[in-house]
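K.L.:
Got data.csv for you, CSV, C-alpha atoms:
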chain,number,residue,atom,x,y,z
A,1,MET,CA,28.9,-28.7,27.2
A,2,LYS,CA,25.5,-27.7,25.9
A,3,GLY,CA,24.1,-27.9,22.5
A,4,SER,CA,21.7,-30.3,20.8
A,5,SER,CA,19.0,-30.2,18.1
A,6,THR,CA,16.7,-28.6,20.7
A,7,ASP,CA,19.0,-26.6,23.1
A,8,HIS,CA,20.7,-23.7,21.4
A,9,SER,CA,21.0,-21.4,24.5
A,10,ASN,CA,24.8,-21.2,24.2
A,11,ILE,CA,25.0,-21.2,20.4
A,12,VAL,CA,24.4,-17.9,18.5
A,13,VAL,CA,24.8,-17.1,14.8
A,14,ALA,CA,24.6,-13.4,13.8
A,15,SER,CA,26.3,-11.3,11.2
A,16,ASN,CA,28.0,-14.4,9.6
A,17,THR,CA,29.7,-15.1,13.0
A,18,LEU,CA,29.2,-18.3,15.1
A,19,SER,CA,29.5,-17.6,18.8
A,20,LEU,CA,29.7,-20.4,21.4
A,21,ILE,CA,28.7,-18.7,24.6
A,22,ALA,CA,30.2,-19.7,27.9
A,23,THR,CA,28.1,-19.1,31.0
A,24,PRO,CA,29.2,-19.5,34.7
A,25,THR,CA,28.1,-22.7,36.4
A,26,SER,CA,28.1,-23.9,40.0
A,27,ASN,CA,28.8,-27.4,41.2
A,28,PRO,CA,29.9,-28.7,37.8
A,29,SER,CA,30.3,-32.4,37.3
A,30,PRO,CA,33.2,-33.2,37.0
A,31,PRO,CA,34.6,-30.3,39.1
A,32,THR,CA,37.9,-30.3,37.2
A,33,SER,CA,39.1,-31.4,33.8
A,34,THR,CA,40.6,-34.9,33.5
A,35,ALA,CA,43.3,-33.6,31.2
A,36,ASN,CA,46.4,-31.5,31.7
A,37,PRO,CA,46.6,-28.9,33.1
A,38,HIS,CA,43.5,-30.1,35.1
A,39,PRO,CA,41.7,-26.7,35.4
A,40,ALA,CA,38.6,-26.3,37.5
A,41,ILE,CA,35.4,-26.2,35.4
A,42,HIS,CA,33.5,-23.0,36.0
A,43,TYR,CA,31.5,-22.7,32.7
A,44,ALA,CA,29.0,-24.4,30.5
A,45,SER,CA,29.4,-23.7,26.8
A,46,GLY,CA,28.0,-24.4,23.4
A,47,ALA,CA,29.3,-27.1,21.1
A,48,ILE,CA,28.8,-27.9,17.5
A,49,HIS,CA,29.8,-30.8,15.3
A,50,ALA,CA,30.1,-31.1,11.6
A,51,GLN,CA,27.6,-33.3,9.7
A,52,SER,CA,30.2,-34.8,7.4
A,53,GLN,CA,33.6,-36.3,8.0
A,54,ILE,CA,37.0,-36.3,6.3
A,55,THR,CA,39.4,-39.1,5.5
A,56,VAL,CA,42.9,-38.4,4.4
A,57,THR,CA,44.2,-40.8,1.7
A,58,SER,CA,47.2,-40.8,-0.7
A,59,GLY,CA,45.0,-38.9,-3.2
A,60,ASN,CA,43.0,-36.7,-0.8
A,61,SER,CA,44.6,-34.0,1.4
A,62,TYR,CA,42.6,-31.5,3.4
A,63,THR,CA,42.9,-27.9,4.5
A,64,ILE,CA,40.8,-26.9,7.5
A,65,SER,CA,40.7,-23.3,8.6
A,66,GLY,CA,38.7,-20.8,10.6
A,67,GLU,CA,38.9,-17.4,12.2
A,68,PHE,CA,38.8,-17.3,16.0
A,69,SER,CA,38.4,-14.9,18.8
A,70,ALA,CA,39.1,-17.1,21.8
A,71,PRO,CA,39.0,-16.2,25.5
A,72,THR,CA,42.1,-17.0,27.6
A,73,ALA,CA,40.6,-16.6,31.0
A,74,VAL,CA,41.3,-19.3,33.6
A,75,GLY,CA,38.6,-21.9,33.6
A,76,THR,CA,37.8,-21.5,29.8
A,77,TRP,CA,38.7,-24.3,27.4
A,78,PRO,CA,37.5,-23.5,23.8
A,79,ALA,CA,38.7,-25.9,21.1
A,80,PHE,CA,38.6,-26.6,17.4
A,81,TRP,CA,39.6,-30.2,16.6
A,82,LEU,CA,39.4,-33.3,14.6
A,83,THR,CA,38.6,-36.6,16.3
A,84,ALA,CA,38.1,-40.2,15.2
A,85,VAL,CA,34.6,-41.2,13.9
A,86,SER,CA,35.2,-44.7,15.3
A,87,GLY,CA,37.3,-45.2,18.4
A,88,TRP,CA,40.1,-42.9,19.6
A,89,PRO,CA,42.7,-41.8,18.6
A,90,PRO,CA,43.3,-40.3,16.1
A,91,GLU,CA,42.8,-36.7,17.3
A,92,ALA,CA,44.3,-33.4,16.0
A,93,ASP,CA,43.7,-30.2,17.9
A,94,ILE,CA,43.9,-27.2,15.5
A,95,GLY,CA,42.9,-24.7,18.2
A,96,GLU,CA,42.8,-25.4,21.9
A,97,TRP,CA,43.0,-22.8,24.6
A,98,LYS,CA,43.3,-24.1,28.1
A,99,GLY,CA,42.7,-21.0,30.1
A,100,THR,CA,46.0,-19.4,29.2
A,101,ALA,CA,47.4,-17.1,26.5
A,102,ASN,CA,48.6,-20.1,24.4
A,103,ASN,CA,47.0,-22.0,21.6
A,104,TRP,CA,47.9,-25.7,21.7
A,105,PHE,CA,48.5,-27.6,18.5
A,106,ASN,CA,48.2,-31.3,19.5
A,107,THR,CA,48.3,-34.6,17.7
A,108,PHE,CA,47.3,-37.7,19.7
A,109,ASN,CA,48.7,-41.0,18.3
A,110,THR,CA,47.9,-42.8,21.5
A,111,SER,CA,46.9,-41.6,25.0
A,112,SER,CA,50.6,-41.6,25.9
A,113,ILE,CA,52.1,-40.6,22.5
A,114,VAL,CA,51.1,-37.0,22.1
A,115,ARG,CA,52.9,-34.1,20.3
A,116,SER,CA,52.0,-30.6,21.6
A,117,ASP,CA,53.3,-27.3,20.3
A,118,LEU,CA,52.3,-24.0,21.9
A,119,ALA,CA,51.8,-20.7,20.1
A,120,ILE,CA,51.3,-17.4,22.0
A,121,TRP,CA,47.7,-16.3,21.5
A,122,PRO,CA,46.8,-12.6,21.7
A,123,THR,CA,44.5,-11.8,24.7
A,124,ASP,CA,42.7,-8.8,23.1
A,125,LEU,CA,39.9,-11.1,21.7
A,126,SER,CA,40.7,-10.0,18.2
A,127,PHE,CA,40.1,-12.5,15.4
A,128,HIS,CA,43.1,-14.7,14.2
A,129,SER,CA,43.2,-17.4,11.6
A,130,LEU,CA,44.1,-21.0,12.3
A,131,LYS,CA,44.7,-23.6,9.6
A,132,ALA,CA,45.7,-27.3,9.5
A,133,VAL,CA,46.9,-28.9,6.2
A,134,LEU,CA,46.6,-32.7,6.4
A,135,THR,CA,48.6,-34.7,3.8
A,136,ALA,CA,49.4,-38.4,3.5
A,137,GLU,CA,53.0,-39.3,3.8
A,138,SER,CA,54.7,-41.4,1.1
A,139,ASN,CA,54.4,-44.5,3.4
A,140,ASN,CA,50.6,-44.3,2.9
A,141,ALA,CA,50.0,-44.8,6.6
A,142,ASP,CA,50.9,-41.5,8.3
A,143,VAL,CA,49.5,-38.0,7.9
A,144,ARG,CA,51.7,-34.8,8.1
A,145,LEU,CA,49.8,-32.0,9.8
A,146,ASN,CA,51.1,-28.5,9.2
A,147,PHE,CA,49.5,-26.0,11.7
A,148,TYR,CA,49.3,-22.3,10.9
A,149,MET,CA,48.4,-19.2,12.8
A,150,ASP,CA,47.7,-16.0,10.8
A,151,ASN,CA,49.2,-17.9,7.8
A,152,VAL,CA,52.5,-18.5,9.5
A,153,LEU,CA,53.6,-22.1,9.9
A,154,LYS,CA,53.8,-22.8,13.7
A,155,ALA,CA,54.2,-26.5,13.9
A,156,THR,CA,54.5,-29.7,11.9
A,157,GLN,CA,53.4,-32.9,13.5
A,158,TYR,CA,52.7,-36.5,12.3
A,159,GLY,CA,49.7,-38.7,12.9
A,160,GLN,CA,50.8,-42.3,12.9
A,161,GLY,CA,48.4,-44.5,11.1
A,162,PHE,CA,45.9,-41.6,10.4
A,163,VAL,CA,45.6,-42.4,6.6
A,164,GLY,CA,42.2,-43.9,5.9
A,165,LYS,CA,40.8,-43.1,9.3
A,166,ALA,CA,37.6,-41.1,9.2
A,167,LEU,CA,37.6,-37.9,11.3
A,168,TRP,CA,34.9,-35.6,12.6
A,169,LEU,CA,35.4,-31.8,12.7
Could I get this file's structure written as C-alpha cells?

P.N.:
Amino acid sequence: MKGSSTDHSNIVVASNTLSLIATPTSNPSPPTSTANPHPAIHYASGAIHAQSQITVTSGNSYTISGEFSAPTAVGTWPAFWLTAVSGWPPEADIGEWKGTANNWFNTFNTSSIVRSDLAIWPTDLSFHSLKAVLTAESNNADVRLNFYMDNVLKATQYGQGFVGKALWL
C-alpha cells in the first residue's frame, strides 16, 4: 500500500470524495495475499488512517459509516475496518471486498475465532452505504457489532473482550 505524509500519489480528494487509487504493479512482494482467499497481488493502492481512536465502553457506543464505490475485480482488495491500537486482535471489518462481488463483514476475536458474513455487493461502481454500530453488552466485556448495508441490517456479530480496547479506523 502507498500513502504517507509525503507520498499521496494514490490518494485523491476532489468534490468532497476521497478516492484511493489502485495502480497495476509488477513483481509485488509478497506475490499473493497471506489471508483467504489468497488472491494474487496485482495492484498498489492508497491507504489512509484516522488520527483519533475509539474505545467502546458501557457508556460509550459508536456508529461508524461511509459511502463506498468499491471495485470487485479479481486482484483488488479494498477495505474499511477497525483494528487494535495495541496488539491484535480486536479487528472488525465493516467493508472488505476480496476481488469478488461480496462485501465481507468480519469480526476477529483471535486468529482462529473469526465470524464472517457476506453480503452481495453491486458491481456497477455505484455508491452504497455501510455502517457498523458498536455497543457494549451487559457483561461489560463484549461488544455487539450490527453491520448495515444501505441501512438494512445484514449481520450481527460479537467481539469477545472488545470493551475498553482502543481501536483505529

K.L.:
Select, from A:Ala79, A:Val163, A:Ala44, A:Val74, the residue with the minimum atom-to-atom distance to A:Thr135, counting all atoms listed in the file.

P.N.:
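Among A:Ala79, A:Val163, A:Ala44, A:Val74, it is A:Val163 that comes nearest to A:Thr135.
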
K.L.:
Here is a test: counting only C-alpha atoms, which residue of A:Lys131, A:Lys154, A:Arg144, A:Lys165 is nearest to A:Glu67?

P.N.:
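Closest to A:Glu67, using only C-alpha atoms: A:Lys131.
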
K.L.:
Could you produce a table of the residues of stretch 107-136 of chain A lying within 7 Å of stretch 80-99 of chain A, with the nearest pair of atoms per residue and their separation in Å rounded to one decimal, using all atoms listed in the file, ordered by chain and increasing residue number, as JSON lines?

P.N.:
{"residue": "A:Thr107", "atom": "CA", "partner": "A:Ala92", "partner_atom": "CA", "distance": 4.5}
{"residue": "A:Phe108", "atom": "CA", "partner": "A:Glu91", "partner_atom": "CA", "distance": 5.2}
{"residue": "A:Asn109", "atom": "CA", "partner": "A:Pro90", "partner_atom": "CA", "distance": 5.9}
{"residue": "A:Thr110", "atom": "CA", "partner": "A:Pro89", "partner_atom": "CA", "distance": 6.0}
{"residue": "A:Leu130", "atom": "CA", "partner": "A:Ile94", "partner_atom": "CA", "distance": 7.0}
{"residue": "A:Lys131", "atom": "CA", "partner": "A:Ile94", "partner_atom": "CA", "distance": 7.0}
{"residue": "A:Ala132", "atom": "CA", "partner": "A:Ile94", "partner_atom": "CA", "distance": 6.3}

K.L.:
Take atom CA of A:Ile21 and atom CA of A:Ile54 and report the distance between them in Å, one decimal.

P.N.:
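According to the coordinates, atom CA of A:Ile21 and atom CA of A:Ile54 are separated by 26.7 Å.
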
K.L.:
Taking (45.5, -18.9, 10.8) in the file's coordinates, which residues come within 7 Å, counting only C-alpha atoms, written as a list in words?

P.N.:
Ser65, Glu67, His128, Ser129, Leu130, Lys131, Tyr148, Met149, Asp150 and Asn151 of chain A

K.L.:
Since we have the selection now, will you write its residues out, keeping C-alpha atoms, as a compact mmCIF listing (two decimals), in the frame of the given file?

P.N.:
# COMPACT_ATOMS: atom_id res chain seq x y z
CA SER A 65 40.70 -23.30 8.60
CA GLU A 67 38.90 -17.40 12.20
CA HIS A 128 43.10 -14.70 14.20
CA SER A 129 43.20 -17.40 11.60
CA LEU A 130 44.10 -21.00 12.30
CA LYS A 131 44.70 -23.60 9.60
CA TYR A 148 49.30 -22.30 10.90
CA MET A 149 48.40 -19.20 12.80
CA ASP A 150 47.70 -16.00 10.80
CA ASN A 151 49.20 -17.90 7.80

K.L.:
Could you check which of A:Ser58, A:Ser69, A:Asn106, A:Asn140 is closest to A:Thr17, using all atoms listed in the file?

P.N.:
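Checking each candidate against A:Thr17, we get A:Ser69 as the closest.
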
K.L.:
Taking all atoms listed in the file into account, name the residue in A:His42, A:Arg115, A:His8, A:His49 that is nearest to A:Pro24.

P.N.:
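Checking each of A:His42, A:Arg115, A:His8, A:His49 against A:Pro24, counting all atoms listed in the file, the winner is A:His42.
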
K.L.:
Compile the contact shell of A:Val56 as a ChimeraX atom specification: residues with an atom at most 8 Å away, counting only C-alpha atoms, same-chain residues fewer than 6 positions apart removed.

P.N.:
/A:62,134-136,143,162-166

K.L.:
Could you write out the selected residues, including C-alpha atoms, as a compact mmCIF listing (two decimals), in the coordinates of the input?

P.N.:
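Final output, saved to part26.txt:
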# COMPACT_ATOMS: atom_id res chain seq x y z
CA TYR A 62 42.60 -31.50 3.40
CA LEU A 134 46.60 -32.70 6.40
CA THR A 135 48.60 -34.70 3.80
CA ALA A 136 49.40 -38.40 3.50
CA VAL A 143 49.50 -38.00 7.90
CA PHE A 162 45.90 -41.60 10.40
CA VAL A 163 45.60 -42.40 6.60
CA GLY A 164 42.20 -43.90 5.90
CA LYS A 165 40.80 -43.10 9.30
CA ALA A 166 37.60 -41.10 9.20
